[in-house]
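Data file: final02.cif. Format and content: mmCIF, C-alpha atoms and all ligand atoms.
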```cif
data_data
loop_
_atom_site.label_atom_id
_atom_site.label_comp_id
_atom_site.auth_asym_id
_atom_site.auth_seq_id
_atom_site.Cartn_x
_atom_site.Cartn_y
_atom_site.Cartn_z
CA MET A 73 43.36 -28.96 5.03
CA THR A 74 46.95 -28.46 3.83
CA GLU A 75 47.13 -26.07 0.92
CA TRP A 76 48.62 -28.47 -1.59
CA SER A 77 49.74 -25.91 -4.17
CA LYS A 78 51.58 -23.83 -1.58
CA TYR A 79 53.32 -26.29 0.72
CA VAL A 80 53.25 -29.75 -0.79
CA GLN A 81 53.75 -29.42 -4.54
CA THR A 82 53.78 -25.98 -6.12
CA PRO A 83 52.45 -25.61 -9.67
CA THR A 84 56.07 -25.19 -10.81
CA PHE A 85 57.00 -28.49 -9.18
CA LEU A 86 54.08 -30.23 -10.91
CA GLU A 87 55.14 -28.76 -14.23
CA ALA A 88 58.70 -30.08 -13.84
CA THR A 89 57.81 -33.56 -12.62
CA ARG A 90 54.86 -34.14 -14.98
CA MET A 91 57.10 -33.18 -17.87
CA MET A 92 59.07 -36.31 -16.99
CA MET A 93 56.11 -38.51 -16.06
CA PHE A 94 54.13 -37.90 -19.25
CA ASP A 95 56.36 -38.94 -22.09
CA PRO A 96 54.78 -38.16 -25.50
CA ASP A 97 55.95 -41.61 -26.67
CA THR A 98 53.54 -43.19 -24.18
CA ARG A 99 50.53 -41.01 -25.02
CA ASP A 100 48.88 -43.42 -27.44
CA VAL A 101 49.20 -46.41 -25.14
CA LEU A 102 47.83 -44.41 -22.21
CA ILE A 103 44.87 -43.27 -24.30
CA LYS A 104 44.24 -46.89 -25.25
CA TRP A 105 44.38 -48.06 -21.62
CA THR A 106 42.15 -45.24 -20.35
CA GLY A 107 39.62 -46.08 -23.08
CA ILE A 108 39.33 -42.46 -24.21
CA LYS A 109 38.05 -41.96 -27.73
CA ASN A 110 37.33 -38.89 -29.85
CA GLY A 111 34.18 -37.05 -28.85
CA MET A 112 33.96 -38.41 -25.32
CA ARG A 113 33.17 -36.49 -22.13
CA VAL A 114 36.10 -37.16 -19.79
CA LEU A 115 36.60 -36.31 -16.10
CA ASP A 116 40.05 -35.94 -14.46
CA VAL A 117 39.62 -36.13 -10.68
CA GLY A 118 42.23 -34.39 -8.47
CA CYS A 119 43.52 -32.81 -11.69
CA GLY A 120 45.94 -30.30 -10.12
CA THR A 121 47.02 -27.91 -12.89
CA GLY A 122 45.60 -30.27 -15.53
CA ALA A 123 48.81 -32.08 -16.51
CA LEU A 124 47.12 -35.42 -17.27
CA THR A 125 44.10 -33.76 -18.89
CA PHE A 126 46.23 -31.77 -21.34
CA PHE A 127 48.57 -34.70 -22.00
CA LEU A 128 45.69 -37.00 -22.98
CA ALA A 129 43.89 -34.26 -24.91
CA GLU A 130 46.81 -33.91 -27.29
CA GLY A 131 46.05 -37.38 -28.63
CA VAL A 132 42.28 -37.05 -29.21
CA SER A 133 39.82 -34.56 -30.64
CA GLY A 134 36.27 -33.38 -30.08
CA CYS A 135 36.38 -34.36 -26.40
CA GLU A 136 34.89 -32.42 -23.55
CA PHE A 137 37.43 -32.58 -20.72
CA VAL A 138 36.41 -31.65 -17.20
CA GLY A 139 38.98 -31.37 -14.40
CA LEU A 140 38.19 -31.10 -10.70
CA ASP A 141 40.47 -30.33 -7.77
CA ILE A 142 39.94 -29.11 -4.23
CA ASP A 143 42.82 -26.63 -4.52
CA ALA A 144 41.53 -23.40 -6.09
CA HIS A 145 45.02 -22.17 -6.99
CA PHE A 146 45.67 -25.25 -9.14
CA ILE A 147 42.31 -24.79 -10.84
CA ALA A 148 43.07 -21.13 -11.60
CA ILE A 149 46.30 -22.20 -13.32
CA ALA A 150 44.57 -24.98 -15.28
CA ASN A 151 42.04 -22.40 -16.47
CA GLU A 152 44.85 -20.09 -17.59
CA LYS A 153 46.46 -22.90 -19.59
CA LYS A 154 43.37 -24.20 -21.31
CA GLU A 155 43.31 -21.63 -24.16
CA GLU A 156 46.62 -22.99 -25.38
CA TYR A 157 45.25 -26.54 -25.62
CA ALA A 158 41.72 -25.73 -26.78
CA LYS A 159 43.12 -25.28 -30.29
CA GLY A 160 43.16 -29.06 -30.67
CA GLY A 161 39.38 -29.26 -31.03
CA ASN A 162 38.76 -30.35 -27.44
CA SER A 163 37.03 -28.24 -24.81
CA PHE A 164 38.15 -27.85 -21.19
CA THR A 165 36.36 -26.92 -17.99
CA PHE A 166 38.18 -26.85 -14.64
CA VAL A 167 36.26 -26.60 -11.40
CA THR A 168 37.13 -26.41 -7.72
CA GLY A 169 35.33 -29.12 -5.77
CA ASP A 170 35.55 -32.09 -3.47
CA ALA A 171 36.15 -35.47 -5.08
CA LEU A 172 34.37 -37.10 -2.16
CA LYS A 173 31.18 -35.39 -3.26
CA LEU A 174 31.54 -34.87 -6.98
CA PRO A 175 29.24 -32.09 -8.19
CA PHE A 176 28.15 -34.14 -11.24
CA GLU A 177 25.11 -36.20 -12.20
CA ASN A 178 25.19 -39.99 -12.10
CA ALA A 179 26.47 -41.53 -15.34
CA SER A 180 27.45 -38.22 -16.89
CA PHE A 181 30.96 -39.11 -18.17
CA ASP A 182 32.22 -41.55 -20.81
CA ALA A 183 35.58 -41.98 -19.07
CA VAL A 184 37.01 -41.01 -15.69
CA VAL A 185 40.74 -40.72 -14.95
CA SER A 186 43.00 -39.66 -12.10
CA HIS A 187 46.73 -39.27 -11.60
CA THR A 188 48.49 -39.60 -8.22
CA PHE A 189 45.20 -38.86 -6.55
CA LEU A 190 43.94 -42.01 -4.77
CA THR A 191 47.21 -41.92 -2.83
CA ASN A 192 46.35 -38.48 -1.44
CA VAL A 193 42.61 -38.16 -1.04
CA PRO A 194 41.39 -38.74 2.56
CA ASP A 195 38.91 -41.54 1.74
CA PRO A 196 40.08 -43.38 -1.41
CA HIS A 197 37.22 -45.92 -1.21
CA LEU A 198 34.63 -43.18 -1.34
CA ALA A 199 36.61 -41.26 -3.97
CA LEU A 200 36.66 -44.32 -6.25
CA ARG A 201 32.95 -44.95 -5.69
CA GLU A 202 32.28 -41.34 -6.69
CA MET A 203 34.40 -41.77 -9.84
CA MET A 204 32.32 -44.85 -10.70
CA ARG A 205 29.02 -43.13 -9.90
CA VAL A 206 29.62 -40.36 -12.43
CA GLY A 207 30.87 -42.78 -15.11
CA ARG A 208 28.30 -44.28 -17.46
CA THR A 209 27.55 -47.98 -17.19
CA LEU A 210 30.38 -50.00 -18.77
CA SER A 211 32.58 -46.90 -19.11
CA PRO A 212 36.29 -47.00 -18.16
CA VAL A 213 37.70 -45.65 -14.89
CA THR A 214 41.47 -45.26 -14.54
CA SER A 215 43.75 -44.53 -11.63
CA ILE A 216 47.42 -43.81 -12.27
CA THR A 217 49.62 -43.83 -9.20
CA ALA A 218 53.38 -43.57 -8.99
CA GLN A 219 56.02 -45.37 -7.00
CA SER A 220 59.43 -43.76 -6.93
CA PHE A 221 62.81 -45.38 -6.65
CA GLU A 222 65.32 -43.92 -4.24
CA PHE A 223 66.79 -40.66 -5.51
CA ILE A 224 70.50 -40.94 -6.30
CA PRO A 225 71.97 -37.51 -5.59
CA ALA A 226 74.95 -36.03 -7.33
CA HIS A 227 78.12 -36.75 -5.42
CA PRO A 228 80.82 -34.13 -4.98
CA GLY A 229 83.40 -36.70 -6.06
CA PHE A 230 82.10 -36.44 -9.63
CA TYR A 231 82.96 -32.79 -9.96
CA GLU A 232 85.76 -30.30 -9.90
CA LYS A 233 87.41 -29.78 -6.51
CA ASP A 234 86.01 -26.28 -6.00
CA HIS A 235 82.47 -27.67 -6.01
CA LEU A 236 83.24 -29.93 -3.07
CA ALA A 237 83.27 -27.12 -0.56
CA TYR A 238 79.66 -26.18 -1.01
CA TYR A 239 78.15 -29.45 -2.14
CA GLU A 240 78.33 -31.09 1.26
CA GLU A 241 77.17 -27.93 2.97
CA TRP A 242 74.22 -27.83 0.57
CA ALA A 243 73.33 -31.47 1.27
CA GLU A 244 73.42 -30.92 5.04
CA LEU A 245 71.20 -27.86 4.83
CA PHE A 246 68.86 -29.66 2.45
CA ILE A 247 68.38 -32.49 4.95
CA LYS A 248 67.84 -30.00 7.78
CA LEU A 249 65.27 -28.05 5.78
CA TYR A 250 63.32 -31.15 4.80
CA ALA A 251 63.29 -32.34 8.41
CA ALA A 252 61.81 -28.95 9.38
CA TYR A 253 59.18 -29.16 6.59
CA GLU A 254 58.21 -32.58 7.91
CA GLU A 255 57.97 -31.37 11.52
CA VAL A 256 55.85 -28.35 10.58
CA LEU A 257 53.61 -30.15 8.08
CA PRO A 258 53.94 -33.93 8.51
CA LYS A 259 53.29 -35.94 5.36
CA LYS A 260 50.79 -38.07 7.24
CA ASP A 261 48.52 -35.00 7.40
CA TYR A 262 48.18 -34.71 3.65
CA LEU A 263 49.13 -38.10 2.18
CA LEU A 264 45.83 -39.47 3.33
CA GLY A 265 45.00 -41.92 0.58
CA CYS A 266 46.14 -45.49 0.06
CA HIS A 267 49.55 -46.82 -0.89
CA PRO A 268 49.80 -47.55 -4.64
CA VAL A 269 50.10 -51.29 -3.95
CA LEU A 270 46.58 -51.20 -2.49
CA VAL A 271 44.93 -49.65 -5.54
CA PRO A 272 44.21 -53.05 -7.18
CA LYS A 273 42.44 -54.15 -3.98
CA LEU A 274 40.50 -50.90 -3.96
CA PHE A 275 39.30 -51.52 -7.53
CA SER A 276 38.33 -55.06 -6.66
CA GLU A 277 36.47 -54.07 -3.48
CA ALA A 278 34.60 -51.36 -5.39
CA GLY A 279 33.13 -54.08 -7.60
CA MET A 280 34.70 -52.80 -10.81
CA TRP A 281 34.49 -55.07 -13.84
CA ASP A 282 37.29 -56.09 -16.21
CA ILE A 283 40.06 -54.84 -13.91
CA ARG A 284 43.46 -54.55 -15.57
CA MET A 285 46.83 -53.43 -14.39
CA HIS A 286 49.46 -51.84 -16.63
CA SER A 287 52.75 -50.23 -15.80
CA LEU A 288 54.69 -47.33 -17.22
CA GLY A 289 58.33 -46.94 -16.24
CA LYS A 290 60.06 -43.62 -16.16
CA SER A 291 63.49 -42.40 -15.27
CA CYS A 292 65.03 -39.03 -15.25
CA SER A 293 68.64 -38.15 -15.16
CA THR A 294 70.27 -35.10 -16.59
CA SER A 295 73.03 -37.45 -17.71
CA ASN A 296 70.52 -39.12 -20.00
CA ALA A 297 71.93 -38.47 -23.47
CA ALA A 298 68.58 -39.39 -25.03
CA MET A 299 66.90 -36.41 -23.43
CA GLU A 300 66.81 -33.14 -25.36
CA ASP A 301 69.14 -30.52 -23.94
CA ALA A 302 66.38 -27.90 -23.86
CA ASP A 303 64.16 -30.26 -21.84
CA LYS A 304 66.91 -30.94 -19.32
CA ARG A 305 67.45 -27.22 -18.87
CA ARG A 306 63.78 -26.48 -18.49
CA TYR A 307 63.42 -29.31 -15.98
CA LEU A 308 66.37 -28.07 -13.89
CA GLU A 309 65.17 -24.45 -13.95
CA LEU A 310 61.66 -25.45 -12.90
CA LEU A 311 62.85 -27.69 -10.07
CA TYR A 312 65.16 -24.93 -8.83
CA GLU A 313 62.32 -22.43 -8.87
CA ALA A 314 59.99 -24.88 -7.11
CA GLU A 315 62.53 -25.49 -4.34
CA LEU A 316 62.78 -21.76 -3.62
CA GLU A 317 59.00 -21.33 -3.77
CA LYS A 318 58.61 -24.04 -1.15
CA LEU A 319 61.16 -22.44 1.15
CA ASP A 320 59.47 -19.03 0.78
CA ALA A 321 56.05 -20.52 1.57
CA PHE A 322 57.29 -22.26 4.71
CA TYR A 323 59.23 -19.21 5.74
CA GLU A 324 55.97 -17.37 6.29
CA LEU A 325 55.19 -19.86 9.08
CA GLU A 326 56.43 -19.02 12.55
CA ALA A 327 56.84 -22.70 13.45
CA PHE A 328 59.28 -23.08 10.56
CA ARG A 329 61.24 -19.93 11.42
CA GLU A 330 61.76 -21.35 14.91
CA LYS A 331 63.70 -24.21 13.32
CA ILE A 332 65.53 -22.53 10.44
CA THR A 333 67.26 -19.19 10.92
CA ASP A 334 67.30 -16.34 8.40
CA LYS A 335 70.98 -16.99 7.85
CA GLU A 336 70.41 -20.67 7.07
CA ALA A 337 67.56 -19.90 4.68
CA ASP A 338 69.66 -17.30 2.85
CA ARG A 339 72.63 -19.64 2.67
CA PHE A 340 70.42 -22.39 1.29
CA ARG A 341 69.20 -20.05 -1.45
CA GLU A 342 72.83 -19.20 -2.36
CA LEU A 343 73.86 -22.84 -2.40
CA MET A 344 70.83 -23.82 -4.46
CA LYS A 345 71.90 -21.26 -7.03
CA LEU A 346 75.47 -22.58 -7.12
CA ARG A 347 74.22 -26.13 -7.42
CA ASN A 348 71.74 -25.27 -10.14
CA ASP A 349 74.43 -23.44 -12.10
CA LEU A 350 76.62 -26.53 -11.84
CA LEU A 351 73.85 -28.86 -12.99
CA LEU A 352 73.01 -26.57 -15.91
CA ALA A 353 76.65 -26.27 -16.91
CA GLU A 354 77.17 -30.03 -16.82
CA CYS A 355 73.92 -31.31 -18.26
CA GLY A 356 74.94 -30.79 -21.89
CA GLU A 357 77.95 -33.00 -21.26
CA ASN A 358 75.82 -35.70 -19.62
CA THR A 359 78.13 -35.81 -16.64
CA VAL A 360 75.56 -35.14 -13.93
CA TRP A 361 74.77 -38.30 -12.10
CA GLU A 362 71.62 -37.33 -10.26
CA TRP A 363 68.97 -39.85 -11.03
CA TYR A 364 65.28 -40.17 -10.31
CA GLY A 365 63.04 -42.94 -11.46
CA GLY A 366 59.89 -44.81 -10.78
CA ALA A 367 56.98 -46.61 -12.25
CA SER A 368 53.37 -45.67 -12.68
CA LEU A 369 50.70 -48.20 -11.93
CA VAL A 370 47.87 -47.72 -14.40
CA MET A 371 44.77 -49.48 -13.03
CA THR A 372 41.72 -49.63 -15.22
CA GLY A 373 38.26 -51.03 -14.69
CA ILE A 374 34.77 -50.80 -16.09
CA VAL A 375 31.78 -49.33 -14.27
CA PRO A 376 29.44 -52.27 -13.68
CA PRO A 377 25.74 -51.94 -14.38
CA THR A 378 23.59 -51.23 -11.36
CA LEU A 379 21.21 -53.94 -10.26
CA ARG A 380 18.35 -52.06 -11.90
CA THR A 381 20.16 -51.91 -15.24
CA LEU A 382 21.08 -55.59 -14.96
CA LEU A 383 17.45 -56.49 -14.39
CA ARG A 384 16.47 -54.44 -17.42
CA MET A 385 19.24 -56.04 -19.49
CA THR A 386 18.02 -59.49 -18.58
CA GLY A 387 14.47 -58.55 -19.47
CA LYS A 388 13.25 -58.83 -15.87
CA ASP A 389 12.39 -55.16 -15.83
CA GLY A 390 10.66 -54.79 -19.15
CA GLY A 391 13.83 -54.45 -21.26
CA ILE A 392 16.41 -51.68 -21.42
CA SER A 393 14.52 -48.42 -21.42
CA LYS A 394 17.05 -45.96 -20.10
CA GLN A 395 20.43 -45.95 -18.47
CA ASP A 396 20.95 -45.38 -14.74
C1 LIG B 401 49.75 -35.36 -6.19
S1 LIG B 401 48.59 -34.15 -6.65
C2 LIG B 401 48.22 -34.65 -8.30
C3 LIG B 401 47.70 -33.55 -9.16
C4 LIG B 401 47.54 -33.93 -10.64
N1 LIG B 401 46.67 -35.06 -10.83
C5 LIG B 401 48.89 -34.20 -11.26
O1 LIG B 401 49.27 -35.36 -11.36
O2 LIG B 401 49.58 -33.25 -11.62
C6 LIG B 401 47.13 -34.67 -5.76
C7 LIG B 401 45.95 -33.77 -5.99
O3 LIG B 401 44.80 -34.29 -5.32
C8 LIG B 401 44.03 -33.17 -4.90
N2 LIG B 401 43.06 -33.59 -3.88
C9 LIG B 401 43.30 -34.11 -2.66
N3 LIG B 401 42.14 -34.34 -2.01
C10 LIG B 401 41.14 -33.94 -2.84
C11 LIG B 401 39.72 -33.92 -2.75
N4 LIG B 401 39.08 -34.34 -1.66
N5 LIG B 401 39.01 -33.47 -3.80
C12 LIG B 401 39.64 -33.04 -4.92
N6 LIG B 401 40.98 -33.02 -5.06
C13 LIG B 401 41.73 -33.47 -4.04
C14 LIG B 401 45.10 -32.20 -4.39
O4 LIG B 401 44.61 -30.88 -4.27
C15 LIG B 401 46.16 -32.35 -5.46
O5 LIG B 401 45.99 -31.45 -6.51
#
```

Kindly transcribe the structure held in the file into structure tokens.
Amino acid sequence: MTEWSKYVQTPTFLEATRMMMFDPDTRDVLIKWTGIKNGMRVLDVGCGTGALTFFLAEGVSGCEFVGLDIDAHFIAIANEKKEEYAKGGNSFTFVTGDALKLPFENASFDAVVSHTFLTNVPDPHLALREMMRVGRTLSPVTSITAQSFEFIPAHPGFYEKDHLAYYEEWAELFIKLYAAYEEVLPKKDYLLGCHPVLVPKLFSEAGMWDIRMHSLGKSCSTSNAAMEDADKRRYLELLYEAELEKLDAFYELEAFREKITDKEADRFRELMKLRNDLLLAECGENTVWEWYGGASLVMTGIVPPTLRTLLRMTGKDGGISKQD
């Protein structure tokens, strides 16, 4: 299996992008939709470095959060971060494991969540069934998936003439590099889940009750005057670092080195630095036109009672004695 944290999205990349995806202004509404309340036991499936877990935890207290991911490097980072967040009166446990065979008892969580996970996991039907299995009867299960708009890159025409020389060279190399990444590790080999538009169908086919669909929009541009300057800088620095990490990881692979020469890789690093310096210099003035955006589809449903529980509830099984 592709090592997600090394080749697909490094922890630095997740930190940058999740910083944009999880806006503190939307925390309360997301907590409401996910049905999380103080004191609950909550599972985040495919948690990566714990971005969603920590984001939600900041709005509740006394919860026991458990995060699971198949990538041990992500889990190690989540475990490093948890001390910082544990101060809020919540506890955190992060474990490496397979979402298709969750290592948890039936009905052992009060709420189950996931973020950009059903789009990646090899068998999203089974993954969702597992999420429902470990949720208590009538407890909420949430899947958040993201759809991105086309990226609008900065255009050399917006900047001083001396930037023109390298900007186009950078763009050409960028396209060449990404074509090589795709040839060496095709997306189809790791984006194995379902398209976000199919998540509602997935919920319906799984027999979830009370299915609801919410959306959260997001956009990110370093020309967004509403964004704090420090946040823009942090975002740019992290993305820059993540880009170089990705190149370094691929550069260890012979198949990649057959497509991209040492000289090209070094030149790309130089141009990335020039470009990042430009973006950093301009972001305070809100003149950078690069723009990313998208919307998150927040699907929620309720774990239905099993047939046995239903029989008990209707008195056909001697009343409700215990939960499945
Ligand atoms: C796009 S990342 C999202 C990570 C995190 N939820 C976030 O938003 O930052 C998808 C995650 O799904 C994890 N994943 C894929 N297949 C998995 C499986 N079978 N079991 C557990 N995790 C899995 C990957 O390792 C990766 O961390």

Given 6 Å and all atoms listed in the file, residues near ligand LIG 401 (chain B) as a VMD selection string: chain A and resid 76 86 118 to 120 123 141 to 143 169 to 172 187 to 189 192 to 193

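Counting only C-alpha atoms, the residue from A:Ala150, A:Ala298, A:Leu124, A:Met112 that sits nearest to Glu136 in chain A is A:Met112.
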
Nearest candidate to Ala148 in chain A (options A:Thr217, A:Ser293, A:Gln81, A:Thr121; using all atoms listed in the file):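 Residue with the minimum atom-to-atom distance to Ala148 in chain A: A:Thr121.
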
Residue neighbourhood range 93-96 of chain A, 12 Å, only C-alpha atoms, exclusion window fewer than 3 positions, as a PyMOL selection string: chain A and resi 86-90+99-103+123-131+187-188+216-220+288-292+299+303+307+364-369

Among the residues A:Asn151, A:Lys335, A:Met91, A:Tyr250, the one that comes closest to Lys318 in chain A [using only C-alpha atoms]: A:Tyr250

Given only C-alpha atoms, how would the per-residue table for range 77-114 of chain A near range 262-285 of chain A read, listing every residue at most 12 Å away with its closest atom pair and distance in Å to one decimal, sorted by chain and number, as CSV?
```
residue,atom,partner,partner_atom,distance
A:Ser77,CA,A:Tyr262,CA,11.9
A:Tyr79,CA,A:Tyr262,CA,10.3
A:Val80,CA,A:Tyr262,CA,8.4
A:Gln81,CA,A:Tyr262,CA,11.2
A:Leu102,CA,A:Met285,CA,12.0
A:Trp105,CA,A:Arg284,CA,8.9
A:Thr106,CA,A:Arg284,CA,10.5
A:Gly107,CA,A:Arg284,CA,12.0
```

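Here CA of Val185 in chain A stands at a distance of 6.4 Å from CA of Val117 in chain A.
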
Pick from A:Pro376, A:Pro83, A:Gly160, A:Pro194, whichever lies nearest to Val213 in chain A using only C-alpha atoms: A:Pro376

Surrounding residues of range 252-261 of chain A excluding itself and chain neighbours under 3 positions, 8 Å, only C-alpha atoms, as a VMD selection string: chain A and resid 74 248 to 249 264 322 327 to 328 331 to 332

Which residue of A:Ala237, A:Gly122, A:Thr359, A:Phe137 approaches Lys153 in chain A most closely, using all atoms listed in the file: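 Ranking A:Ala237, A:Gly122, A:Thr359, A:Phe137 by distance to Lys153 in chain A, first place goes to A:Gly122.
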
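Across the model, the gap from CA of Lys78 in chain A to CA of Phe176 in chain A is 27.4 Å.
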
Counting all atoms listed in the file, the residue of A:Thr165, A:Tyr312, A:Ser215, A:Phe85 that sits nearest Pro196 in chain A: A:Ser215

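When CA of Leu308 in chain A is paired with CA of Leu351 in chain A, their separation reads 7.6 Å.
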
Polymer residues at most 10 Å from Met204 in chain A, all atoms listed in the file, same-chain spacing of 6 or more positions, as a ChimeraX atom specification: /A:178-179,181,183-184,198,210-214,278-280,373-376
